[in-house]
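Student: First the structure, which I've put down as structure tokens, then a few questions once you've had a look.
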Amino acid sequence: LLEAAQLAAVAVTEPAAVLVLDGIGEEHCGWLGHGDGGELRCLEELPYPHSLGLLWERVAIYCGFGEYGAPKVMGLAAWGDAAKARDGLAELLAVAADPGCPGDGRLPFTVDNEKAQLRAPNTQRLEARFGPARPFGVGDAELGRGHYADVAAALQELTEEAVLACARRLHAGCGEQALVYSGGLALNCVANTRLEAEGPFEALYVPGAAHDAGTAVGAAYEVARGLGSEVHGGGVRGGGEADTPFCGPGYEVSTYREALASAGLEARELPFEELVGELVALLCAGKLVGWFEGRLELGPRALGHRSLLGDPRKLATRQRFNAKVKHREPFRPFAASVLAEAAHEWFVLPQGRRGAVESRELMIMAYRLAPGRGELIPAVRHEDGSCRIQTVDRQRQPRYHRVIKAFGEATGVPMLLNTSFNVREPIVCSPNDAVATFQRSGIDALVLGDLLVVR
């Protein structure tokens with residue numbers, strides 16, 4: 001409910017339907033309601049055990065990723081054949097053909113807990129249906145084909161249908177044209193894109209901190225509203241000019257210099273246009289660059305303030321990031337930051353509706369590549385021909401936009417591979433964090449504001 005409170009605060013500029021899908025709160029796993037002027041009205045809650053989030057957790061354990069491995073399951077799904085495991089998954093997750101409307105005594109989907117065993121200490125029921133579970137972390141490099149990918153693909157497909165059923169049910173109950181969607185399930189960028197394209201709402205907003213971390217924001221909004229403060233969407237990208245995901249700590253240039261000096265690193269301070277030129281040259285040469293500027297972004301995605309950047313045209317970029325920096329499974333994709341004005345030329349975006357235009361800036365949507373474009377950017381193209389993107393607006397991110405534009409002018413590709421600035425730890429926050437990560441990783445260069453260090 002706190003997540004829903006966050007969303008209602010974001011949606012104050014217009015009435016909106018509100019959907020929250022997560023693992024579990026106290027007794028419920030989903031919330032369907034209406035938000036207007038910071039006020040929330042509950043239409044319906046989905047009770048346990050009908051939890052998409054807990055089902056994803058169970059499948060993540062079965063696939064050998066552990067209980068927090070749902071993002072890996074999503075990445076693996078693109079490699080599988082959903083048809084091979086769909087019948088088995090449909091026995092666990094049944095989606096209503098007619099989702100009805102809130103209050104009619106039905107549910108948009110059901111989870112069979114006897115078969116799924118959401119809280120069991122083992123995965124025996126899944127193993128009886130799909131074969132032996134994969135031991136945790138064993139054989140990660142070989143994943144990408146086989147029945148684990150098929151199970152992941154079937155779960156992804158049925159989840160998309162369940163989310164659509166919830167949206168259609170909610171639309172029938174409130175009639176609004178805008179939907180605000182949050183909860184852990186809202187981090188599933190593939191399902192979000194299908195919701196945007198096939199859902200009944202003209203506009204969709206998914207906040208960047210849609211997961212549990214967003215409850216802190218929701219709590220703050222709820223307290224502020226209760227104290228009589230005027231609540232805005234600032235800090236979660238709600239639509240106004242002042243709204244931004246960059247609401248974390250920021251640092252002075254002197255702090256950059258102190259962090260570099262304490263690590264014994266020498267940096268050159270360059271005029272910005274000269275810095276951009278050197279940075280583009282490094283990227284075109286296949287170098288991996290740490291990019292640090294301004295205030296830390298809110299949420300799990302790096303959005304160009306705490307990012308690692310690379311050339312999307314070269315498959316070797318992805319391979320180097322995996323081998324020398326991220327140490328991730330090779331089946332997992334990397335995202336792209338693309339100029340907002342060029343996105344429609346490279347990706348298949350919805351036409352004729354507002355859609356999720358604001359959320360595209362938050363790297364929480366994935367789109368099919370336009371015909372003939374995929375082979376040009378193999379480092380960010382996923383196995384299914386899609387790409388998770390962040391659109392970069394010139395007004396809101398002028399420096400980052402300029403770097404991408406310069407790279408596009410040099411290469412004809414107006415985007416960069418963008419992944420979070422971290423190595424097996426949270427995204428870096430301070431200059432000291434950035435310098436320490438640079439020193440112990442395979443990153444080739446570090447940018448702190450206008451300071452450049454090249455290894």
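Labeling convention for the structure tokens: chains A, B, ... as they appear, residues from 1 per chain, ligands from 1 in order of appearance.
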Find the residues around A:Glu341 up to 10 Å (only C-alpha atoms counted), leave out those fewer than 2 positions away in its own chain, and share them as an NGL selection string.
Tutor: :A and (338-339 or 343-345 or 391-394 or 414)
Student: Quick one: DSSP helix (DSSP H, G or I) residues in stretch 43-174 of chain A, as an MDAnalysis selection string?
Tutor: chainID A and resid 52:62 70:77 82:84 86:90 113:116 124:130 140:142 147:174
Student: Within 9 Å of stretch 90-102 of chain A, counting only C-alpha atoms, which residues qualify if same-chain residues fewer than 5 places away don't, as number ranges by chain?
Tutor: A: 32, 43-45, 50, 52, 55, 85, 107-116, 154-155, 158-159, 161-162, 165-173
Student: Would you mind exporting C-alpha atoms of the selected residues as a compact mmCIF listing (two decimals), in the first residue's frame?
Tutor:
```
# COMPACT_ATOMS: atom_id res chain seq x y z
CA LEU A 32 -6.16 -2.50 -7.77
CA LEU A 43 -11.18 -1.32 -5.55
CA GLU A 44 -9.78 -4.75 -4.88
CA GLU A 45 -6.88 -6.65 -3.33
CA HIS A 50 -2.12 -15.62 -5.76
CA LEU A 52 3.24 -13.57 -9.21
CA LEU A 55 6.03 -17.71 -8.08
CA ALA A 85 6.80 -25.72 -20.75
CA LEU A 107 -9.70 -13.10 -9.80
CA PRO A 108 -7.74 -12.09 -12.93
CA PHE A 109 -5.34 -14.98 -12.30
CA THR A 110 -4.82 -17.72 -9.72
CA VAL A 111 -1.74 -19.48 -8.38
CA ASP A 112 -2.14 -23.11 -7.29
CA ASN A 113 -0.13 -23.17 -4.09
CA GLU A 114 -0.49 -26.93 -3.65
CA LYS A 115 1.39 -27.41 -6.92
CA ALA A 116 3.70 -24.38 -6.68
CA ALA A 154 6.72 -20.01 -20.21
CA LEU A 155 6.66 -18.15 -16.90
CA LEU A 158 2.01 -16.33 -18.65
CA THR A 159 3.07 -13.44 -16.42
CA GLU A 161 -0.95 -12.40 -19.77
CA ALA A 162 -1.69 -12.16 -16.03
CA ALA A 165 -5.68 -9.44 -17.26
CA CYS A 166 -5.20 -7.28 -14.14
CA ALA A 167 -5.04 -4.13 -16.27
CA ARG A 168 -8.20 -5.01 -18.18
CA ARG A 169 -10.03 -5.81 -14.97
CA LEU A 170 -8.93 -2.52 -13.42
CA HIS A 171 -9.88 -0.55 -16.52
CA ALA A 172 -13.35 -2.06 -16.44
CA GLY A 173 -13.70 -0.97 -12.82
```
Student: Tell me which protein, DNA and RNA residues are within 6 Å of stretch 420-430 of chain A, counting only C-alpha atoms, leaving out same-chain ones fewer than 4 positions away, and put them as an mmCIF file with N, CA, C and O atoms, in the first residue's frame.
Tutor:
```cif
data_model
loop_
_atom_site.group_PDB
_atom_site.id
_atom_site.type_symbol
_atom_site.label_atom_id
_atom_site.label_comp_id
_atom_site.auth_asym_id
_atom_site.auth_seq_id
_atom_site.Cartn_x
_atom_site.Cartn_y
_atom_site.Cartn_z
ATOM 1 N N ALA A 302 21.005 2.305 -13.537
ATOM 2 C CA ALA A 302 21.940 3.413 -13.754
ATOM 3 C C ALA A 302 21.448 4.214 -14.948
ATOM 4 O O ALA A 302 21.218 3.657 -16.022
ATOM 5 N N ARG A 306 25.650 7.398 -12.682
ATOM 6 C CA ARG A 306 26.559 6.398 -12.112
ATOM 7 C C ARG A 306 26.562 5.201 -13.060
ATOM 8 O O ARG A 306 26.055 4.128 -12.751
ATOM 9 N N SER A 307 27.146 5.388 -14.244
ATOM 10 C CA SER A 307 27.052 4.402 -15.312
ATOM 11 C C SER A 307 28.415 3.927 -15.779
ATOM 12 O O SER A 307 29.410 4.644 -15.665
ATOM 13 N N LEU A 308 28.435 2.710 -16.312
ATOM 14 C CA LEU A 308 29.565 2.200 -17.076
ATOM 15 C C LEU A 308 29.143 2.183 -18.539
ATOM 16 O O LEU A 308 28.076 1.658 -18.872
ATOM 17 N N LYS A 326 31.767 -7.134 -14.810
ATOM 18 C CA LYS A 326 30.512 -7.544 -14.195
ATOM 19 C C LYS A 326 30.509 -8.982 -13.696
ATOM 20 O O LYS A 326 29.783 -9.318 -12.755
ATOM 21 N N ALA A 434 33.506 5.333 -6.586
ATOM 22 C CA ALA A 434 33.819 5.235 -8.009
ATOM 23 C C ALA A 434 35.294 4.948 -8.235
ATOM 24 O O ALA A 434 35.665 4.105 -9.068
#
```
Student: With a distance cut-off of 9 Å and only C-alpha atoms, select the neighbouring residues of A:Ala356, excluding the residue or stretch itself and same-chain residues fewer than 5 positions from it, and output the selection as an MDAnalysis selection string.
Tutor: chainID A and resid 192:193 196 202:206 350 365
Student: Between A:Gly184, A:Phe334, A:Glu157, A:Arg134, which is the closest to A:Ile24 once you count only C-alpha atoms?
Tutor: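 Looking only at the distances to A:Ile24, the closest residue turns out to be A:Gly184.
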Student: Please measure the separation of atom CA of A:Pro207 and atom CA of A:Pro245, giving the value in Å to one decimal.
Tutor: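 The value is 9.1 Å.
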Student: Give me, as a list in words, all polymer residues having an atom no more than 8 Å from A:Gly30, counting only C-alpha atoms and skipping those fewer than 6 positions away in the same chain.
Tutor: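 In the requested format, the answer is Leu19, Val20, Leu21, Asp22, Ile24, Glu45, Leu46, Pro47 and Ser51 of chain A.
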Student: I need the residue nearest A:Pro135 from this list: A:Gly408, A:Gly304, A:Gly66, A:Gly299. Use only C-alpha atoms for the distance.
Tutor: A:Gly66
Student: Out of A:Gly103, A:Gly175, A:Gly290, A:Gly218, which residue has the shortest atom-to-atom distance to A:Ser441 when counting only C-alpha atoms?
Tutor: A:Gly290
Student: Would you mind reading off the distance between atom CA of A:Val453 and atom CA of A:Ala267, one decimal, in Å?
Tutor: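 So the answer is 4.8 Å.
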